[in-house]
>>> print(open('run34.cif').read())   # mmCIF, C-alpha atoms
data_final
loop_
_atom_site.label_atom_id
_atom_site.label_comp_id
_atom_site.auth_asym_id
_atom_site.auth_seq_id
_atom_site.Cartn_x
_atom_site.Cartn_y
_atom_site.Cartn_z
CA MET G 891 0.00 0.00 0.00
CA MET G 892 2.78 2.43 1.05
CA ALA G 893 4.79 1.58 -2.07
CA ALA G 894 1.75 2.21 -4.29
CA VAL G 895 1.15 5.65 -2.72
CA ILE G 896 4.83 6.54 -3.11
CA PHE G 897 4.78 5.37 -6.73
CA VAL G 898 1.73 7.46 -7.67
CA PHE G 899 3.00 10.60 -5.91
CA SER G 900 6.52 10.22 -7.33
CA THR G 901 5.24 9.75 -10.88
CA ALA G 902 3.08 12.89 -10.60
CA ALA G 903 6.03 14.86 -9.17
CA LEU G 904 8.32 13.49 -11.88
CA LEU G 905 5.97 14.83 -14.55
CA GLN G 906 5.80 18.26 -12.89
CA PHE G 907 9.57 18.53 -12.42
CA PHE G 908 10.18 17.38 -15.99
CA ILE G 909 7.79 20.00 -17.43
CA SER G 910 9.29 22.79 -15.27
CA TYR G 911 12.85 21.72 -16.12
CA CYS G 912 12.13 21.74 -19.86
CA ARG G 913 10.44 25.12 -19.52
CA SER G 914 13.52 26.49 -17.76
CA LEU G 915 15.62 25.33 -20.73
CA ILE G 916 13.17 26.89 -23.20
CA ALA G 917 12.87 30.16 -21.23
CA ALA G 918 16.58 30.85 -21.62
CA SER G 919 16.23 30.78 -25.42
CA SER G 920 12.90 32.62 -25.70
CA LYS G 921 14.59 36.02 -25.19
CA GLN G 922 16.92 35.47 -28.14
CA VAL G 923 15.85 37.11 -31.42
CA LEU G 924 16.31 34.94 -34.51
CA SER G 925 18.45 36.26 -37.36
CA ALA G 926 16.78 37.05 -40.69
CA GLU G 927 18.59 34.08 -42.24
CA VAL G 928 17.21 31.55 -39.73
CA LYS G 929 13.75 33.12 -40.02
CA ASP G 930 13.88 32.55 -43.79
CA VAL G 931 15.13 28.99 -43.49
CA THR G 932 12.68 27.91 -40.80
CA GLY G 933 9.72 30.03 -41.87
CA ILE G 934 9.33 31.25 -38.26
CA GLN G 935 8.78 35.00 -38.25
CA ARG G 936 7.93 35.97 -34.66
CA ILE G 937 5.87 33.25 -33.03
CA ALA G 938 6.59 29.59 -33.76
CA SER G 939 3.90 26.95 -34.12
CA GLY G 940 4.10 23.36 -32.97
CA ASP G 941 3.96 22.20 -36.58
CA ASP G 942 7.31 23.91 -37.24
CA PHE G 943 9.12 21.67 -34.75
CA LYS G 944 9.60 18.63 -36.98
CA ARG G 945 10.95 20.71 -39.87
CA VAL G 946 13.35 22.68 -37.65
CA MET G 947 14.61 19.45 -36.07
CA GLN G 948 15.33 18.03 -39.53
CA LEU G 949 17.34 21.17 -40.35
CA LEU G 950 19.07 20.89 -36.98
CA GLN G 951 20.20 17.36 -37.79
CA LEU G 952 21.82 18.58 -41.01
CA CYS G 953 24.21 20.82 -39.05
CA PRO G 954 27.31 19.57 -37.19
CA GLU G 955 26.37 18.84 -33.58
CA ARG G 956 27.50 21.12 -30.76
CA PRO G 957 28.34 19.01 -27.69
CA GLU G 958 26.99 21.75 -25.41
CA ASP G 959 23.40 21.60 -26.64
CA ARG G 960 23.03 17.89 -27.43
CA ASN G 961 21.37 16.98 -24.11
CA SER G 962 19.07 19.97 -23.97
CA VAL G 963 17.86 19.33 -27.54
CA GLN G 964 17.15 15.69 -26.60
CA ALA G 965 15.28 16.78 -23.44
CA ILE G 966 13.14 19.22 -25.44
CA GLY G 967 12.51 16.51 -28.05
CA ALA G 968 11.17 14.26 -25.27
CA TYR G 969 9.09 17.15 -23.89
CA PHE G 970 7.65 17.80 -27.37
CA SER G 971 6.68 14.11 -27.67
CA LEU G 972 4.98 14.27 -24.28
CA LEU G 973 3.06 17.41 -25.34
CA SER G 974 2.02 15.80 -28.64
CA PHE G 975 0.80 12.76 -26.73
CA LEU G 976 -1.22 14.97 -24.33
CA ARG G 977 -2.62 16.91 -27.29
CA ALA G 978 -3.77 13.72 -28.98
CA THR G 979 -5.33 12.23 -25.84
CA LEU G 980 -6.23 14.41 -22.82
CA ALA G 981 -6.58 17.68 -24.75
CA ARG G 982 -9.49 16.19 -26.72
CA LEU G 983 -11.43 15.88 -23.45
CA VAL G 984 -10.22 19.15 -21.85
CA PRO G 985 -10.36 21.96 -24.46
CA PRO G 986 -8.23 24.56 -22.51
CA MET G 987 -5.44 22.02 -22.49
CA ARG G 988 -5.35 22.09 -26.29
CA ALA G 989 -4.38 25.77 -26.33
CA TRP G 990 -1.76 25.18 -23.63
CA THR G 991 -0.14 22.21 -25.40
CA GLU G 992 -0.13 24.12 -28.71
CA SER G 993 1.56 27.14 -27.11
CA GLU G 994 4.16 24.89 -25.43
CA ARG G 995 4.82 23.05 -28.70
CA GLY G 996 5.43 26.44 -30.32
CA HIS G 997 7.97 27.30 -27.60
CA CYS G 998 9.72 23.97 -28.31
CA ALA G 999 9.91 24.88 -32.02
CA TYR G 1000 11.37 28.29 -31.13
CA PHE G 1001 13.95 26.61 -28.87
CA ALA G 1002 14.94 24.32 -31.78
CA ALA G 1003 15.26 27.37 -34.08
CA VAL G 1004 17.58 29.08 -31.56
CA ALA G 1005 19.64 25.86 -31.35
CA LEU G 1006 19.78 25.86 -35.18
CA GLU G 1007 21.05 29.44 -35.16
CA ARG G 1008 23.80 28.47 -32.69
CA ARG G 1009 24.78 25.43 -34.76
CA ILE G 1010 24.99 27.51 -37.94
CA SER G 1011 27.30 30.04 -36.29
CA PHE G 1012 29.31 27.14 -34.77
CA SER G 1013 29.74 25.62 -38.27
CA ARG G 1014 30.81 29.00 -39.64
CA ASP G 1015 33.39 29.41 -36.87
CA MET G 1016 34.75 25.93 -37.58
CA LEU G 1017 34.99 26.69 -41.29
CA ALA G 1018 36.72 29.99 -40.61
CA GLN G 1019 39.24 28.25 -38.36
CA GLN G 1020 39.96 25.67 -41.07
CA MET G 1021 40.39 28.41 -43.68
CA ASP G 1022 42.84 30.24 -41.38
CA ALA G 1023 44.80 27.06 -40.81
CA MET F 218 27.35 -10.67 -14.22
CA LEU F 219 27.51 -7.16 -15.61
CA GLY F 220 27.67 -6.71 -19.38
CA ALA F 221 29.40 -4.09 -21.53
CA PHE F 222 26.36 -1.77 -21.43
CA GLU F 223 26.29 -1.68 -17.62
CA TYR F 224 30.02 -0.98 -17.42
CA VAL F 225 29.79 1.82 -20.00
CA VAL F 226 26.86 3.51 -18.18
CA TRP F 227 28.59 3.06 -14.84
CA ILE F 228 31.87 4.61 -16.02
CA LEU F 229 29.92 7.36 -17.77
CA GLY F 230 28.09 8.15 -14.53
CA ALA F 231 31.36 8.30 -12.56
CA LEU F 232 32.91 10.58 -15.20
CA LEU F 233 29.87 12.85 -15.19
CA GLU F 234 30.10 13.18 -11.40
CA LEU F 235 33.69 14.34 -11.73
CA THR F 236 32.64 16.64 -14.60
CA VAL F 237 30.25 18.46 -12.25
CA VAL F 238 33.14 19.24 -9.88
CA VAL F 239 35.42 20.28 -12.77
CA CYS F 240 32.72 22.56 -14.28
CA SER F 241 32.01 24.05 -10.87
CA ILE F 242 35.72 24.79 -10.25
CA ALA F 243 36.15 26.19 -13.78
CA LYS F 244 33.24 28.58 -13.25
CA GLY F 245 34.41 29.58 -9.75
CA SER F 246 31.38 28.08 -7.99
CA PHE F 247 33.06 25.31 -5.99
CA ARG F 248 32.86 27.03 -2.61
CA ARG F 249 29.44 28.55 -3.22
CA TYR F 250 27.91 25.13 -3.93
CA LEU F 251 30.21 23.23 -1.57
CA ALA F 252 27.66 20.63 -0.42
CA ILE F 253 26.83 19.67 -4.03
CA ASN F 254 30.51 19.37 -4.95
CA VAL F 255 31.38 17.35 -1.85
CA TYR F 256 28.47 15.02 -2.64
CA MET F 257 29.71 14.55 -6.22
CA LEU F 258 33.24 13.82 -4.99
CA ALA F 259 31.87 11.33 -2.45
CA ALA F 260 29.78 9.65 -5.17
CA SER F 261 32.86 9.32 -7.38
CA PHE F 262 34.83 7.83 -4.48
CA VAL F 263 32.02 5.33 -3.75
CA ASN F 264 32.01 4.33 -7.43
CA ILE F 265 35.74 3.57 -7.29
CA VAL F 266 35.29 1.44 -4.13
CA ARG F 267 32.32 -0.34 -5.76
CA PHE F 268 34.54 -1.20 -8.76
CA LYS F 269 37.19 -2.55 -6.41
CA ILE F 270 34.70 -4.70 -4.47
CA LEU F 271 33.08 -5.90 -7.69
CA PHE F 272 36.39 -7.09 -9.13
CA THR F 273 37.52 -8.62 -5.81
CA TYR F 274 34.34 -10.44 -4.72
CA GLY F 275 32.11 -10.56 -7.82
CA PHE F 276 28.69 -9.18 -8.71
CA ARG F 277 26.65 -11.85 -6.90
CA SER F 278 28.67 -11.67 -3.69
CA SER F 279 27.01 -10.52 -0.47
CA GLU F 280 29.94 -8.10 0.07
CA TYR F 281 29.08 -6.26 -3.13
CA GLY F 282 25.34 -6.33 -2.39
CA TYR F 283 25.75 -4.97 1.14
CA PHE F 284 28.24 -2.31 0.08
CA TYR F 285 26.04 -1.24 -2.84
CA TYR F 286 22.88 -0.71 -0.80
CA TYR F 287 24.51 0.71 2.34
CA SER F 288 26.70 3.15 0.37
CA ASP F 289 23.55 4.09 -1.55
CA LEU F 290 21.86 4.92 1.76
CA LEU F 291 24.83 7.01 2.89
CA LEU F 292 24.95 8.84 -0.44
CA THR F 293 21.24 9.62 -0.16
CA ILE F 294 21.92 11.18 3.24
CA GLY F 295 24.77 13.12 1.59
CA LEU F 296 22.29 14.33 -1.01
CA TYR F 297 20.09 15.56 1.87
CA PHE F 298 22.94 17.85 2.90
CA ALA F 299 23.21 19.13 -0.69
CA LEU F 300 19.48 19.80 -0.55
CA ILE F 301 19.84 21.63 2.77
CA GLY F 302 22.52 23.76 1.07
CA LEU F 303 20.03 24.63 -1.68
CA TYR F 304 17.44 25.54 0.98
CA SER F 305 20.01 27.87 2.56
CA TYR F 306 20.61 29.70 -0.75
CA VAL F 307 16.89 30.20 -1.30
CA PHE F 308 16.31 31.53 2.21
CA GLU F 309 19.62 33.37 2.65
CA GLU F 310 18.12 36.80 1.97
CA MET F 311 15.53 36.21 4.69
CA GLY F 312 18.30 35.36 7.15
CA ALA F 313 16.61 32.05 7.92
CA GLU F 314 19.49 29.67 7.08
CA GLN F 315 20.02 28.65 10.72
CA TYR F 316 16.36 27.68 11.15
CA VAL F 317 16.43 25.80 7.86
CA ARG F 318 19.55 23.84 8.87
CA PHE F 319 18.08 23.03 12.27
CA GLY F 320 14.74 21.97 10.77
CA ALA F 321 16.39 19.84 8.10
CA LEU F 322 18.67 18.18 10.68
CA LEU F 323 15.64 17.35 12.85
CA LEU F 324 13.86 15.89 9.83
CA LEU F 325 16.90 13.83 8.88
CA LEU F 326 17.19 12.45 12.42
CA GLY F 327 13.45 11.78 12.41
CA THR F 328 13.65 9.88 9.12
CA ALA F 329 16.68 7.91 10.32
CA GLY F 330 14.85 7.07 13.58
CA PHE F 331 11.70 6.03 11.69
CA SER F 332 13.67 3.82 9.28
CA PHE F 333 15.62 2.31 12.19
CA ALA F 334 12.37 1.56 14.04
CA ILE F 335 10.94 -0.20 10.96
CA VAL F 336 14.11 -2.22 10.46
CA GLN F 337 14.33 -3.12 14.18
CA GLN F 338 10.68 -4.15 14.35
CA SER F 339 10.99 -6.29 11.22
CA SER F 340 14.32 -7.76 12.38
CA SER F 341 12.89 -8.80 15.74
CA ARG F 342 9.93 -10.37 13.93
CA ILE F 343 12.35 -12.22 11.67
CA MET F 344 14.57 -13.22 14.60
CA GLY F 345 11.41 -14.50 16.32
CA HIS F 346 11.10 -16.99 13.52
CA PHE F 347 14.84 -17.78 13.73
CA VAL F 348 15.29 -16.80 10.10
CA LEU F 349 17.70 -14.09 9.04
CA ASP F 350 17.43 -14.39 5.33
CA SER F 351 19.65 -12.09 3.23
CA ARG F 352 16.70 -11.69 0.85
CA ILE F 353 14.58 -10.20 3.66
CA MET F 354 17.43 -7.93 4.76
CA GLY F 355 17.76 -6.81 1.13
CA HIS F 356 14.05 -6.05 1.09
CA LEU F 357 14.39 -3.95 4.25
CA VAL F 358 17.24 -1.95 2.73
CA LEU F 359 15.14 -1.46 -0.41
CA GLU F 360 12.25 -0.21 1.69
CA ALA F 361 14.49 2.18 3.64
CA SER F 362 15.96 3.52 0.36
CA GLN F 363 12.48 4.00 -1.06
CA ASN F 364 11.45 5.99 2.07
CA LEU F 365 14.60 8.11 2.04
CA TYR F 366 14.21 8.97 -1.65
CA PHE F 367 10.57 9.80 -1.05
CA VAL F 368 11.37 12.13 1.86
CA GLY F 369 14.02 13.76 -0.37
CA LEU F 370 11.39 14.18 -3.07
CA VAL F 371 8.91 15.78 -0.66
CA LEU F 372 11.60 18.17 0.64
CA THR F 373 12.57 19.16 -2.93
CA TYR F 374 8.92 19.63 -3.82
CA VAL F 375 8.44 21.94 -0.81
CA LEU F 376 11.58 23.87 -1.80
CA TRP F 377 10.33 24.27 -5.37
CA GLY F 378 6.96 25.51 -4.05
CA ALA F 379 8.79 28.02 -1.81
CA MET F 380 10.89 29.20 -4.78
CA LEU F 381 7.77 29.86 -6.83
CA LYS F 382 6.14 31.65 -3.88
CA LEU F 383 9.23 33.77 -3.19
CA ARG F 384 9.62 34.46 -6.94
CA GLU F 385 13.15 33.11 -7.02
CA THR F 386 14.77 34.25 -10.28
CA ARG F 387 18.27 32.72 -10.22
CA THR F 388 18.29 30.41 -13.26
CA ARG F 389 21.17 28.24 -12.09
CA LEU F 390 19.63 27.64 -8.67
CA ILE F 391 16.27 26.85 -10.29
CA GLN F 392 17.86 24.30 -12.62
CA LEU F 393 19.84 22.69 -9.78
CA VAL F 394 16.66 22.25 -7.72
CA LEU F 395 14.54 20.98 -10.63
CA ALA F 396 17.22 18.45 -11.62
CA LEU F 397 17.35 17.22 -8.01
CA GLY F 398 13.55 16.92 -7.99
CA LEU F 399 13.70 14.86 -11.19
CA TYR F 400 16.37 12.60 -9.70
CA PHE F 401 14.51 11.99 -6.42
CA SER F 402 11.20 11.33 -8.19
CA VAL F 403 12.74 8.87 -10.69
CA PHE F 404 14.44 6.94 -7.87
CA ALA F 405 11.47 7.02 -5.45
CA ALA F 406 9.17 5.77 -8.25
CA SER F 407 11.66 3.09 -9.33
CA TYR F 408 12.20 1.73 -5.80
CA ALA F 409 8.44 1.79 -5.12
CA LEU F 410 7.80 -0.05 -8.40
CA ARG F 411 10.42 -2.61 -7.51
CA ASN F 412 8.78 -3.15 -4.13
CA LEU F 413 5.41 -3.55 -5.85
CA SER F 414 6.49 -5.93 -8.58
CA THR F 415 9.38 -8.37 -8.73
CA SER F 416 8.72 -9.04 -12.43
CA LEU F 417 10.67 -5.84 -13.24
CA ASN F 418 13.97 -7.32 -12.08
CA GLY F 419 15.14 -7.51 -15.71
CA VAL F 420 14.61 -3.76 -16.26
CA TRP F 421 16.14 -2.73 -12.94
CA PRO F 422 19.86 -3.08 -13.85
CA TYR F 423 19.30 -0.72 -16.83
CA LEU F 424 16.89 1.81 -15.31
CA ILE F 425 18.84 2.75 -12.18
CA PRO F 426 22.29 3.42 -13.73
CA ILE F 427 20.77 5.46 -16.60
CA SER F 428 18.67 7.46 -14.12
CA GLY F 429 21.79 7.94 -11.99
CA CYS F 430 23.49 9.75 -14.91
CA LEU F 431 20.68 12.33 -15.17
CA LEU F 432 21.56 14.32 -12.05
CA PRO F 433 25.29 14.86 -12.76
CA LEU F 434 24.45 15.58 -16.40
CA ALA F 435 21.90 18.27 -15.52
CA TRP F 436 24.11 19.76 -12.78
CA ALA F 437 27.16 19.85 -15.06
CA TYR F 438 25.02 21.62 -17.65
CA ALA F 439 23.79 24.14 -15.05
CA PHE F 440 27.33 24.94 -13.89
CA TRP F 441 28.83 25.08 -17.37
CA ARG F 442 26.14 26.78 -19.41
CA ILE F 443 24.19 28.97 -16.96
CA PRO F 444 26.02 32.01 -15.60
CA GLU F 445 25.57 32.76 -11.89
CA ASP F 446 23.88 36.09 -12.70
CA ALA F 447 21.37 34.65 -15.22
CA ARG F 448 17.75 35.37 -14.29
CA ILE F 449 14.40 33.86 -15.25
CA VAL F 450 10.72 34.60 -14.53
CA PRO F 451 9.77 31.71 -12.21
CA SER F 452 5.99 31.91 -12.76
CA ARG F 453 6.59 30.81 -16.39
CA LEU F 454 7.98 27.51 -15.15
CA ALA F 455 5.01 26.45 -13.02
CA VAL F 456 2.89 23.69 -14.52
CA VAL F 457 -0.27 25.38 -13.20
CA PRO F 458 -0.18 29.03 -14.39
CA ARG F 459 0.07 31.58 -11.55
#
>>> encode(input="run34.cif", output="structure tokens")
Amino acid sequence: MMAAVIFVFSTAALLQFFISYCRSLIAASSKQVLSAEVKDVTGIQRIASGDDFKRVMQLLQLCPERPEDRNSVQAIGAYFSLLSFLRATLARLVPPMRAWTESERGHCAYFAAVALERRISFSRDMLAQQMDA
Amino acid sequence: MLGAFEYVVWILGALLELTVVVCSIAKGSFRRYLAINVYMLAASFVNIVRFKILFTYGFRSSEYGYFYYYSDLLLTIGLYFALIGLYSYVFEEMGAEQYVRFGALLLLLGTAGFSFAIVQQSSSRIMGHFVLDSRIMGHLVLEASQNLYFVGLVLTYVLWGAMLKLRETRTRLIQLVLALGLYFSVFAASYALRNLSTSLNGVWPYLIPISGCLLPLAWAYAFWRIPEDARIVPSRLAVVPR
């Protein structure tokens, strides 16, 4: 009985901590303004939509990986999957949840676009270093 | 017997623990987050001793089993002290660190006393039947670990609630606390699930080491990537909008 109570409470807390942790990762990138180049490539002008996420992730995978952002991109990918799952299941029963999941999915897409911007400038720096050498 | 996967994850975890300390020193935060760094050093040391015992006595030996679970208990208590340190940072501007330390120490002693009472009661029951089975002792240690992780989770949850209430804005501190909350909840849920069902014994050797890598990974990220003066709006992080 005790183990069952602990399991239920821990799982609920795990979900809350995971959502807050992912939001703290996203919040750091939400202040960054995208360059005109990345806006053109991703099609994100000011506010991103959840549907942009998949496309931006595909672009992200084309760029050389930066070791610093690998884990955060994976965490946000998992968060996006969780949001998509909630959108397809619970949000159908609770309409306000649909707007919330959509807004969060948009933030995930914006985070991915910021990561793309960083990877592009990282690739440019690498290329410049090679040219100098 | 452990396979290549288990060894790789184990070594990775030990390296990540050392990485936290290195990142913290490199960013000049070693003394500020002393309890966290001491915990990471202790965890690395325990990993080295576990390797030694594993190679000397073997994976199925009682020596390894006892050392694994008892060192795990001690490390959890060490993590309590890291958590108390985080409480102190949150309440430092209110000048309430002394009360926090005293309260946390009382709670720790209370939890230790409670766990001891459970173990003593169960042991006397077992001794009454003249059976001191290592399986039952293992179950008791599992139960004590589950309780300790759960108390850690509750304490972290309370701290996170206080941070939201006090509108704590320090990004690094927020990420350190959230990562600790994730760690405690994964472990409390895993131990509870293991107590509930023995059919998960096959998953257990994979789940725990992978989960164990999450905390040093997230803490290393927080020390390396988040500057001490970075700020965030905490109400945006709450699951329920405030």
>>> residues_around(input="run34.cif", residues="G:Ala968", least_positions_apart="6", cutoff="10 Å", atoms="all atoms listed in the file", output="ChimeraX atom specification")
/G:908,912,962,974
>>> interface_residues(input="run34.cif", of="chain F", to="chain G", cutoff="7 Å", atoms="all atoms listed in the file", output="mmCIF file with C-alpha atoms, in the coordinates of the input")
data_model
loop_
_atom_site.group_PDB
_atom_site.id
_atom_site.type_symbol
_atom_site.label_atom_id
_atom_site.label_comp_id
_atom_site.auth_asym_id
_atom_site.auth_seq_id
_atom_site.Cartn_x
_atom_site.Cartn_y
_atom_site.Cartn_z
ATOM 1 C CA PHE F 367 10.570 9.800 -1.050
ATOM 2 C CA GLN F 392 17.860 24.300 -12.620
ATOM 3 C CA LEU F 395 14.540 20.980 -10.630
ATOM 4 C CA GLY F 398 13.550 16.920 -7.990
ATOM 5 C CA LEU F 399 13.700 14.860 -11.190
ATOM 6 C CA SER F 402 11.200 11.330 -8.190
ATOM 7 C CA VAL F 403 12.740 8.870 -10.690
ATOM 8 C CA ALA F 405 11.470 7.020 -5.450
ATOM 9 C CA ALA F 406 9.170 5.770 -8.250
ATOM 10 C CA ALA F 409 8.440 1.790 -5.120
ATOM 11 C CA LEU F 410 7.800 -0.050 -8.400
ATOM 12 C CA ASN F 412 8.780 -3.150 -4.130
ATOM 13 C CA LEU F 413 5.410 -3.550 -5.850
ATOM 14 C CA LEU F 454 7.980 27.510 -15.150
ATOM 15 C CA ALA F 455 5.010 26.450 -13.020
ATOM 16 C CA VAL F 456 2.890 23.690 -14.520
#
>>> resolve_selection(input="run34.cif", expression="the PyMOL selection byres ((chain G and resi 1009-1012) around 7)", output="ChimeraX atom specification")
/G:953-956,1005-1008,1013-1016
>>> resolve_selection(input="run34.cif", expression="the PyMOL selection byres ((chain F and resi 318) around 12)", output="list in words")
Tyr297, Phe298, Ala299, Leu300, Ile301, Gly302, Leu303, Tyr304, Ser305, Tyr306, Phe308, Glu309, Gly312, Ala313, Glu314, Gln315, Tyr316, Val317, Phe319, Gly320, Ala321, Leu322, Leu323, Leu324 and Leu325 of chain F
>>> resolve_selection(input="run34.cif", expression="the PyMOL selection byres ((chain F and resi 440) around 12)", output="PDB file with C-alpha atoms, in the coordinates of the input")
ATOM      1  CA  GLU G 958      26.990  21.750 -25.410  1.00  0.00           C
TER       2      GLU G 958
ATOM      3  CA  THR F 236      32.640  16.640 -14.600  1.00  0.00           C
ATOM      4  CA  VAL F 237      30.250  18.460 -12.250  1.00  0.00           C
ATOM      5  CA  VAL F 238      33.140  19.240  -9.880  1.00  0.00           C
ATOM      6  CA  VAL F 239      35.420  20.280 -12.770  1.00  0.00           C
ATOM      7  CA  CYS F 240      32.720  22.560 -14.280  1.00  0.00           C
ATOM      8  CA  SER F 241      32.010  24.050 -10.870  1.00  0.00           C
ATOM      9  CA  ILE F 242      35.720  24.790 -10.250  1.00  0.00           C
ATOM     10  CA  ALA F 243      36.150  26.190 -13.780  1.00  0.00           C
ATOM     11  CA  LYS F 244      33.240  28.580 -13.250  1.00  0.00           C
ATOM     12  CA  GLY F 245      34.410  29.580  -9.750  1.00  0.00           C
ATOM     13  CA  SER F 246      31.380  28.080  -7.990  1.00  0.00           C
ATOM     14  CA  PHE F 247      33.060  25.310  -5.990  1.00  0.00           C
ATOM     15  CA  ARG F 249      29.440  28.550  -3.220  1.00  0.00           C
ATOM     16  CA  TYR F 250      27.910  25.130  -3.930  1.00  0.00           C
ATOM     17  CA  ILE F 253      26.830  19.670  -4.030  1.00  0.00           C
ATOM     18  CA  ASN F 254      30.510  19.370  -4.950  1.00  0.00           C
ATOM     19  CA  THR F 388      18.290  30.410 -13.260  1.00  0.00           C
ATOM     20  CA  ARG F 389      21.170  28.240 -12.090  1.00  0.00           C
ATOM     21  CA  LEU F 390      19.630  27.640  -8.670  1.00  0.00           C
ATOM     22  CA  ILE F 391      16.270  26.850 -10.290  1.00  0.00           C
ATOM     23  CA  GLN F 392      17.860  24.300 -12.620  1.00  0.00           C
ATOM     24  CA  LEU F 393      19.840  22.690  -9.780  1.00  0.00           C
ATOM     25  CA  PRO F 433      25.290  14.860 -12.760  1.00  0.00           C
ATOM     26  CA  LEU F 434      24.450  15.580 -16.400  1.00  0.00           C
ATOM     27  CA  ALA F 435      21.900  18.270 -15.520  1.00  0.00           C
ATOM     28  CA  TRP F 436      24.110  19.760 -12.780  1.00  0.00           C
ATOM     29  CA  ALA F 437      27.160  19.850 -15.060  1.00  0.00           C
ATOM     30  CA  TYR F 438      25.020  21.620 -17.650  1.00  0.00           C
ATOM     31  CA  ALA F 439      23.790  24.140 -15.050  1.00  0.00           C
ATOM     32  CA  TRP F 441      28.830  25.080 -17.370  1.00  0.00           C
ATOM     33  CA  ARG F 442      26.140  26.780 -19.410  1.00  0.00           C
ATOM     34  CA  ILE F 443      24.190  28.970 -16.960  1.00  0.00           C
ATOM     35  CA  PRO F 444      26.020  32.010 -15.600  1.00  0.00           C
ATOM     36  CA  GLU F 445      25.570  32.760 -11.890  1.00  0.00           C
ATOM     37  CA  ASP F 446      23.880  36.090 -12.700  1.00  0.00           C
ATOM     38  CA  ALA F 447      21.370  34.650 -15.220  1.00  0.00           C
TER      39      ALA F 447
END
>>> residues_around(input="run34.cif", residues="F:Thr293", least_positions_apart="5", cutoff="10 Å", atoms="all atoms listed in the file", output="PyMOL selection string")
chain F and resi 256+260+287-288+298-299+362+365-366+369+401
>>> residues_around(input="run34.cif", residues="F:Lys382", least_positions_apart="4", cutoff="9 Å", atoms="all atoms listed in the file", output="PyMOL selection string")
chain F and resi 377-378+452
>>> atom_distance(input="run34.cif", atom1="atom CA of F:Arg453", atom2="atom CA of F:Ala379")
15.0 Å
>>> residues_around(input="run34.cif", residues="F:Phe222", least_positions_apart="4", cutoff="12 Å", atoms="all atoms listed in the file", output="PDB file with C-alpha atoms, keeping the file's coordinate frame")
ATOM      1  CA  MET F 218      27.350 -10.670 -14.220  1.00  0.00           C
ATOM      2  CA  VAL F 226      26.860   3.510 -18.180  1.00  0.00           C
ATOM      3  CA  TRP F 227      28.590   3.060 -14.840  1.00  0.00           C
ATOM      4  CA  ILE F 228      31.870   4.610 -16.020  1.00  0.00           C
ATOM      5  CA  LEU F 229      29.920   7.360 -17.770  1.00  0.00           C
ATOM      6  CA  PRO F 422      19.860  -3.080 -13.850  1.00  0.00           C
ATOM      7  CA  TYR F 423      19.300  -0.720 -16.830  1.00  0.00           C
ATOM      8  CA  LEU F 424      16.890   1.810 -15.310  1.00  0.00           C
ATOM      9  CA  PRO F 426      22.290   3.420 -13.730  1.00  0.00           C
ATOM     10  CA  ILE F 427      20.770   5.460 -16.600  1.00  0.00           C
TER      11      ILE F 427
END
>>> closest_residue(input="run34.cif", among="F:Leu359, F:Val394, F:Leu232, F:Val375", to="F:Ile265", atoms="all atoms listed in the file")
F:Leu232
>>> residues_around(input="run34.cif", residues="stretch 933-935 of chain G", least_positions_apart="6", cutoff="12 Å", atoms="all atoms listed in the file", output="list in words")
Val923, Leu924, Ser925, Ala926, Glu927, Asp941, Asp942, Phe943, Arg945, Val946, Leu949, Gly996, His997, Ala999, Tyr1000, Phe1001, Ala1002, Ala1003 and Val1004 of chain G
>>> atom_distance(input="run34.cif", atom1="atom CA of F:Leu292", atom2="atom CA of F:Thr273")
22.2 Å
>>> axis_aligned_box(input="run34.cif", around="stretch 259-266 of chain F", padding_each_side="6 Å", output="lines of an AutoDock Vina configuration file")
center_x = 32.8
center_y = 6.4
center_z = -4.9
size_x = 18.0
size_y = 21.9
size_z = 17.0
>>> atom_distance(input="run34.cif", atom1="atom CA of F:Ser278", atom2="atom CA of F:Val266")
14.7 Å
>>> build_atoms(input="run34.cif", residues="stretch 299-306 of chain F", atoms="N, CA and C atoms", output="mmCIF file, in the coordinates of the input")
data_model
loop_
_atom_site.group_PDB
_atom_site.id
_atom_site.type_symbol
_atom_site.label_atom_id
_atom_site.label_comp_id
_atom_site.auth_asym_id
_atom_site.auth_seq_id
_atom_site.Cartn_x
_atom_site.Cartn_y
_atom_site.Cartn_z
ATOM 1 N N ALA F 299 23.177 18.265 0.503
ATOM 2 C CA ALA F 299 23.210 19.130 -0.690
ATOM 3 C C ALA F 299 21.892 19.882 -0.808
ATOM 4 N N LEU F 300 20.811 19.181 -0.499
ATOM 5 C CA LEU F 300 19.480 19.800 -0.550
ATOM 6 C C LEU F 300 19.339 20.892 0.509
ATOM 7 N N ILE F 301 19.876 20.615 1.698
ATOM 8 C CA ILE F 301 19.840 21.630 2.770
ATOM 9 C C ILE F 301 20.605 22.877 2.315
ATOM 10 N N GLY F 302 21.736 22.644 1.614
ATOM 11 C CA GLY F 302 22.520 23.760 1.070
ATOM 12 C C GLY F 302 21.665 24.601 0.121
ATOM 13 N N LEU F 303 20.884 23.913 -0.732
ATOM 14 C CA LEU F 303 20.030 24.630 -1.680
ATOM 15 C C LEU F 303 18.946 25.414 -0.936
ATOM 16 N N TYR F 304 18.415 24.818 0.144
ATOM 17 C CA TYR F 304 17.440 25.540 0.980
ATOM 18 C C TYR F 304 18.072 26.826 1.524
ATOM 19 N N SER F 305 19.322 26.706 1.980
ATOM 20 C CA SER F 305 20.010 27.870 2.560
ATOM 21 C C SER F 305 20.134 29.002 1.547
ATOM 22 N N TYR F 306 20.463 28.644 0.267
ATOM 23 C CA TYR F 306 20.610 29.700 -0.750
ATOM 24 C C TYR F 306 19.291 30.411 -0.993
#
